[in-house]
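Below you'll find the structure, written out as C-alpha cells, and then a few comments.
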Amino acid sequence: MTHKFIPVAAPVLAGNERKYVDDCIDSTWISSNGKYVNLFERAFAEYCGVAHAITCCNGTAALHLALVAAGVGKGDEVIVPTLTYVATANAVRYCGAKPVFVDVCRDNWTMDPSKIEASFTERTTAIIPVSLYGHPCDMDPINAIARAAGIKVIEDAAEAHGAEYKGRKVGSLADMTCFSFFGNKIMTTGEGGMVTTDDDALAAKLRLYRGQGVDPNRRYWHPVIGFNYRMTNICAAIGLAQLERIDELIRKRRMVRNWYLRNLCDRLETQGSLNSGFGTRSVPWMFNVLTGAAPEANLIARLAERNIETRPIFFPVHTLPPYTNWSNETLWKLPDTFPVAEYISSRGISLPTWAGLTEEDVNYVCDNLKELVHA
Ligand SMILES: *Cc1c(COP(=O)(O)O)cnc(C)c1O
C-alpha cells in the first residue's frame with residue numbers, strides 16, 4: 001500500500017478567502033483599486049506593530065522597492081547572507097548594486113552579525129538580513145552596526161510572518177521589512193508582497209515607486225520612473241482572510257514542528273537546535289534537518305518514491321552562475337569562503353511543513369527518513 005502523497009508545502013484556505021474573492025467579483029473590483037487593498041494593508045501594519053504596510057505584487061518586488069526607497073543605486077554595495085533564496089541578491093542587482101555576501105550562524109542559519117563589519121566598504125549602503133526558514137535574525141547588533149554607519153537595514157522576512165525577536169514582531173525590527181505571500185509561505189495571497197516601515201518618508205517613496213511613480217496630488221504627472229508593482233484587490237482579499245487566521249496557521253505549524261522534534265531531535269540536527277538564543281520565537285516555515293553525510297539528491301529521490309515530497313536547502317547564492325562569474329567585473333572582490341552556509345546547504349533538507357499536516361503524516365515522514373538516513 002502506498003501512502004497518500006505528502007507535499008512539502010500547501011496553503012490552507014479555510015477561512016473567508018472564498019467569500020472575500022466572491023465579493024471582488026460580484027462588485028467588479030478585481031484590479032488594484034478596491035477596499036481589500038487598504039483593509040489588508042491596515043490589518044497587516046497593525047499585526048506587525050508598525051505605522052505603514054505597503055502591498056505589492058510579490059516578495060521580490062517588495063525587496064526591489066525597499067532598495068529603491070533606501071536610495072540604493074549603481075555602484076553601491078549591499079550586505080546579504082549567502083544562504084538565502086536567490087531573490088534577495090537579485091533585487092540588489094536590479095538596482096545596479098552589488099551584493100556582498102556574508103556567512104551565516106551555525107546554530108540558527110541566519111546572517112552572522114560578527115561577519116558584517118569586515119564586509120564594509122565606503123560603498124556599503126544597506127544590509128539585508130534574512131529571517132531564513134522562519135527564524136528571526138539577531139537584529140540588535142545588525143541595527144547597531146547600520147546605525148553607526150548611517151545606512152539602512154532592510155529585513156527580508158519573506159519566510160517569517162509572525163516571528164518574534166525580543167518580544168517584538170518581525171516587520172517592526174528594521175527600517176523596512178519585506179514579506180512574500182507566495183503560495184508556500186506562512187500566509188499567502190497566491191502571489192503577493194508587502195513592505196512594512198515606521199518611517200513616513202520611506203512609506204511615501206514605497207507607494208510612489210510601486211504605482212508608476214505618479215505624483216499623489218497630480219494625475220498622470222510622474223516625477224520619477226516608477227514600477228507597476230501593485231497588488232490586486234483579489235490578492236488582498238485572500239490576504240485579509242489569511243491574516244484573520246494567522247495565529248491558527250502558526251499554531252498548527254508549531255504543532256507540526258513539535259511532532260518532528262519529538263521524532264527526530266535525538267537523531268538529527270535541526271535549525272536552531274544548538275542555541276536559538278536571544279529570546280526569539282521562530283515560525284516554522286520549513287522544518288529542516290541536517291543529515292549526517294551529504295546524500296541529499298539521493299535521499300530526496302528515495303523519499304519521493306515513498307510519496308514524501310522534500311526539498312534541498314537553498315544553494316548559497318555565491319555558488320550560483322550569475323554570482324560566481326563576477327570576478328571579471330571590476331567592482332567584484334573575489335568572494336571569501338562561506339564554510340557554514342556550504343555545510344548547511346550540502347547536508348540539509350526541508351521536510352513537509354504546512355498547517356494542514358496531521359500527526360500521522362509527520363510520523364510517516366519521520367519513520368521513512370530515519371530508515372533511509374541510517375540505511
Ligand atoms: C519567497 C522569498 C522571496 C521572494 O518572494 P516572491 O514572492 O516569490 O517574489 C524573497 N526572499 C526570500 C527569503 C524568500 O523566501
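The chains in the C-alpha cells are called A, B, ... from first to last as shown; in each chain the residues are counted from 1, and the ligands are counted from 1 in the order shown.
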
Kindly compile the residues surrounding ligand 1 within 9 Å, counting only C-alpha atoms and all ligand atoms, and format them as a count of residues only. 35

Excluding range 357-363 of chain A and any residue of its chain fewer than 6 positions from it, enumerate the residues within 8 Å of it, using only C-alpha atoms, and give them as a PDB file with C-alpha atoms, in the first residue's frame.
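And here's out32.pdb as it stands now:
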ATOM      1  CA  ILE A   6       2.563  14.380   1.248  1.00  0.00           C
ATOM      2  CA  VAL A 256       3.975  20.112  13.198  1.00  0.00           C
ATOM      3  CA  TRP A 259       5.869  16.366  16.213  1.00  0.00           C
ATOM      4  CA  TYR A 260       9.059  16.446  14.148  1.00  0.00           C
ATOM      5  CA  ASN A 263      10.573  12.074  16.477  1.00  0.00           C
TER       6      ASN A 263
END

So that I can check the surroundings of range 113-122 of chain A, please list as a compact mmCIF listing (two decimals) with all heavy atoms, in the first residue's frame every protein, DNA and RNA residue that reaches within 8 Å of it, counting only C-alpha atoms and ignoring chain neighbours fewer than 3 positions away.
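As written to disk, around.txt reads:
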# COMPACT_ATOMS: atom_id res chain seq x y z
N GLU A 77 27.06 48.94 -2.65
CA GLU A 77 27.19 47.58 -2.15
C GLU A 77 26.16 47.34 -1.04
O GLU A 77 25.90 48.23 -0.24
CB GLU A 77 28.60 47.33 -1.60
CG GLU A 77 29.66 47.42 -2.69
CD GLU A 77 31.07 47.14 -2.16
OE1 GLU A 77 31.21 46.83 -0.95
OE2 GLU A 77 32.00 47.26 -2.96
N ILE A 79 25.04 44.39 1.86
CA ILE A 79 25.49 43.18 2.54
C ILE A 79 24.31 42.22 2.70
O ILE A 79 23.26 42.59 3.25
CB ILE A 79 26.12 43.53 3.90
CG1 ILE A 79 27.38 44.39 3.64
CG2 ILE A 79 26.47 42.27 4.68
CD1 ILE A 79 28.06 44.88 4.89
N VAL A 100 27.17 41.92 -1.40
CA VAL A 100 28.40 41.46 -0.75
C VAL A 100 27.97 40.40 0.26
O VAL A 100 27.22 40.69 1.19
CB VAL A 100 29.14 42.62 -0.06
CG1 VAL A 100 30.34 42.11 0.72
CG2 VAL A 100 29.57 43.65 -1.09
N PHE A 101 28.43 39.18 0.04
CA PHE A 101 27.90 38.07 0.82
C PHE A 101 28.63 37.90 2.15
O PHE A 101 29.84 38.12 2.23
CB PHE A 101 28.00 36.77 0.02
CG PHE A 101 27.18 36.81 -1.25
CD1 PHE A 101 27.77 36.81 -2.49
CD2 PHE A 101 25.80 36.87 -1.17
CE1 PHE A 101 27.01 36.86 -3.65
CE2 PHE A 101 25.02 36.92 -2.32
CZ PHE A 101 25.64 36.92 -3.58
N VAL A 102 27.88 37.52 3.17
CA VAL A 102 28.49 37.11 4.43
C VAL A 102 27.93 35.73 4.80
O VAL A 102 26.87 35.32 4.32
CB VAL A 102 28.21 38.11 5.58
CG1 VAL A 102 28.87 39.44 5.31
CG2 VAL A 102 26.73 38.26 5.84
N ASP A 103 28.66 35.07 5.66
CA ASP A 103 28.26 33.72 6.08
C ASP A 103 27.16 33.80 7.14
O ASP A 103 26.81 34.89 7.62
CB ASP A 103 29.48 32.95 6.62
CG ASP A 103 29.35 31.45 6.40
OD1 ASP A 103 28.25 30.98 6.06
OD2 ASP A 103 30.36 30.74 6.58
N ASP A 138 19.42 38.00 14.48
CA ASP A 138 19.82 38.73 15.69
C ASP A 138 19.90 40.21 15.32
O ASP A 138 20.94 40.72 14.93
CB ASP A 138 21.17 38.20 16.19
CG ASP A 138 21.46 38.68 17.60
OD1 ASP A 138 20.61 39.40 18.19
OD2 ASP A 138 22.53 38.34 18.13
N PRO A 141 22.44 43.68 17.12
CA PRO A 141 23.78 44.04 16.62
C PRO A 141 23.77 44.51 15.17
O PRO A 141 24.54 45.41 14.81
CB PRO A 141 24.59 42.75 16.79
CG PRO A 141 23.61 41.66 17.03
CD PRO A 141 22.39 42.30 17.61
N ILE A 142 22.88 43.94 14.36
CA ILE A 142 22.82 44.36 12.94
C ILE A 142 22.36 45.81 12.85
O ILE A 142 22.95 46.64 12.14
CB ILE A 142 21.90 43.41 12.14
CG1 ILE A 142 22.48 41.99 12.12
CG2 ILE A 142 21.68 43.94 10.72
CD1 ILE A 142 21.55 40.92 11.56
N ILE A 145 25.16 48.23 14.04
CA ILE A 145 26.22 48.44 13.03
C ILE A 145 25.72 49.41 11.96
O ILE A 145 26.43 50.33 11.55
CB ILE A 145 26.62 47.08 12.38
CG1 ILE A 145 27.31 46.18 13.41
CG2 ILE A 145 27.52 47.31 11.16
CD1 ILE A 145 27.43 44.72 12.97

Looking only at the backbone, which of the residues in range 95-257 of chain A does DSSP tag as helix (DSSP H, G or I), as a ChimeraX atom specification? /A:113-115,117-119,132-134,139-149,200-210,233-244,246-257

Show me, as a PyMOL selection string, the residues that have an atom within 7 Å of range 278-287 of chain A when counting only C-alpha atoms, minus same-chain residues fewer than 6 positions from it. chain A and resi 133-136+159-160+162-166+185-186+250+253-254+257+350-351+353

Give me the residues within 8 Å of range 18-29 of chain A as a PDB file with C-alpha atoms, in the first residue's frame, counting only C-alpha atoms and dropping any in the same chain fewer than 3 places off.
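New file selection.pdb:
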ATOM      1  CA  GLY A  15     -11.436  30.992   6.280  1.00  0.00           C
ATOM      2  CA  SER A  32      -5.621  47.095  -7.866  1.00  0.00           C
ATOM      3  CA  ASN A  33      -8.273  49.557  -6.710  1.00  0.00           C
ATOM      4  CA  GLY A  34     -10.767  48.321  -4.148  1.00  0.00           C
ATOM      5  CA  ASN A 233      -7.858  43.585  -4.844  1.00  0.00           C
ATOM      6  CA  ILE A 234      -8.392  39.827  -5.313  1.00  0.00           C
ATOM      7  CA  ALA A 237      -8.938  39.807  -0.328  1.00  0.00           C
ATOM      8  CA  ILE A 238      -7.206  36.432   0.065  1.00  0.00           C
ATOM      9  CA  ALA A 241      -8.750  36.310   5.072  1.00  0.00           C
TER      10      ALA A 241
END

Write out as JSON, numbers by chain which residues come within 10 Å of Leu173 in chain A when counting only C-alpha atoms, dropping same-chain ones fewer than 3 positions away. {"A": [48, 49, 50, 136, 137, 139, 140, 143, 153, 154, 155, 164, 165, 166, 168, 169, 170, 176, 177, 196, 197, 198]}

At what distance in Å, to one decimal, does CA of Gly150 in chain A lie from CA of His52 in chain A?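 Taking CA of His52 in chain A as the start and CA of Gly150 in chain A as the end point, the length is 22.0 Å.
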
Best match for closeness to Phe40 in chain A among A:Lys74, A:Met111, A:Asp175, A:Cys235, counting only C-alpha atoms: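 Smallest distance to Phe40 in chain A is found for A:Cys235.
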
So what do you get for CA of Leu65 in chain A versus CA of Gly211 in chain A, distance-wise?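 These two atoms are separated by 10.6 Å.
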
So, with only C-alpha atoms as the atoms that count, which of A:Val373, A:Glu309, A:Leu290, A:Val317 lies closest to Pro352 in chain A?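 Closest residue, counting only C-alpha atoms: A:Glu309.
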
To one decimal place, how far is CA of Tyr36 in chain A from CA of Ala201 in chain A in Å?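 Computing it gives 23.7 Å between the two atoms.
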
Do a neighbour search on Gly356 in chain A at 8 Å with only C-alpha atoms, toss out local chain neighbours closer than 2 positions, and write the hits as a list in words.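 My reading of the contact set: Ala10, Val12, Lys252, Trp354 and Thr358 of chain A.
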
Only N, CA, C and O atoms, please: the residues just picked out, written as a PDB file, in the first residue's frame.
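Once written, result25.pdb looks like this:
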ATOM      1  N   ALA A  10       1.728  23.407   1.261  1.00  0.00           N
ATOM      2  CA  ALA A  10       0.420  23.644   0.631  1.00  0.00           C
ATOM      3  C   ALA A  10      -0.290  24.717   1.433  1.00  0.00           C
ATOM      4  O   ALA A  10      -0.146  24.771   2.657  1.00  0.00           O
ATOM      5  N   VAL A  12      -3.467  26.609   3.235  1.00  0.00           N
ATOM      6  CA  VAL A  12      -4.749  26.228   3.848  1.00  0.00           C
ATOM      7  C   VAL A  12      -5.667  27.443   3.719  1.00  0.00           C
ATOM      8  O   VAL A  12      -5.387  28.501   4.276  1.00  0.00           O
ATOM      9  N   LYS A 252      -0.683  25.757  14.223  1.00  0.00           N
ATOM     10  CA  LYS A 252      -0.629  24.428  13.608  1.00  0.00           C
ATOM     11  C   LYS A 252       0.771  24.096  13.122  1.00  0.00           C
ATOM     12  O   LYS A 252       1.240  22.961  13.263  1.00  0.00           O
ATOM     13  N   TRP A 354       3.489  22.416   6.756  1.00  0.00           N
ATOM     14  CA  TRP A 354       2.365  23.319   6.476  1.00  0.00           C
ATOM     15  C   TRP A 354       1.243  23.022   7.457  1.00  0.00           C
ATOM     16  O   TRP A 354       1.287  22.026   8.183  1.00  0.00           O
ATOM     17  N   THR A 358      -1.139  16.200   9.377  1.00  0.00           N
ATOM     18  CA  THR A 358      -1.588  15.515  10.590  1.00  0.00           C
ATOM     19  C   THR A 358      -0.381  14.874  11.284  1.00  0.00           C
ATOM     20  O   THR A 358       0.690  14.721  10.684  1.00  0.00           O
TER      21      THR A 358
END

Looking at only C-alpha atoms, which of A:Ala14, A:Val8, A:Ile54, A:Leu208 is the one that sits closest to Ile300 in chain A?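 Checking each candidate against Ile300 in chain A, we get A:Val8 as the closest.
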
Compare A:Leu243, A:Ala66, A:Asn108, A:Val92 by their minimum atom-to-atom distance to Glu46 in chain A, counting only C-alpha atoms, and give me the closest one.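 For Glu46 in chain A, the nearest of the given residues is A:Leu243.
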
Among listed residues A:Lys205, A:Ala148, A:His222, A:Trp109, nearest Pro316 in chain A (using only C-alpha atoms): A:Trp109

Run DSSP on the backbone and grab whatever in range 200-360 of chain A lands in strand (DSSP E); send it over as a tab-separated table (two decimals) with C-alpha atoms, in the first residue's frame.
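Printed below is states-v2.tsv as written:
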chain	number	residue	atom	x	y	z
A	269	GLU	CA	20.40	18.23	13.99
A	270	THR	CA	17.68	20.80	13.21
A	280	THR	CA	13.39	34.59	19.71
A	281	ARG	CA	10.20	32.91	18.67
A	287	PHE	CA	11.29	22.32	9.22
A	288	ASN	CA	14.85	21.44	8.26
A	289	VAL	CA	17.24	18.72	9.29
A	290	LEU	CA	20.93	18.18	8.65
A	311	ARG	CA	13.36	19.93	-0.92
A	312	PRO	CA	17.04	20.76	-0.68
A	348	GLY	CA	20.22	19.98	4.84
A	349	ILE	CA	16.78	19.10	3.57
A	350	SER	CA	13.39	20.67	4.24
A	351	LEU	CA	10.64	18.32	5.33
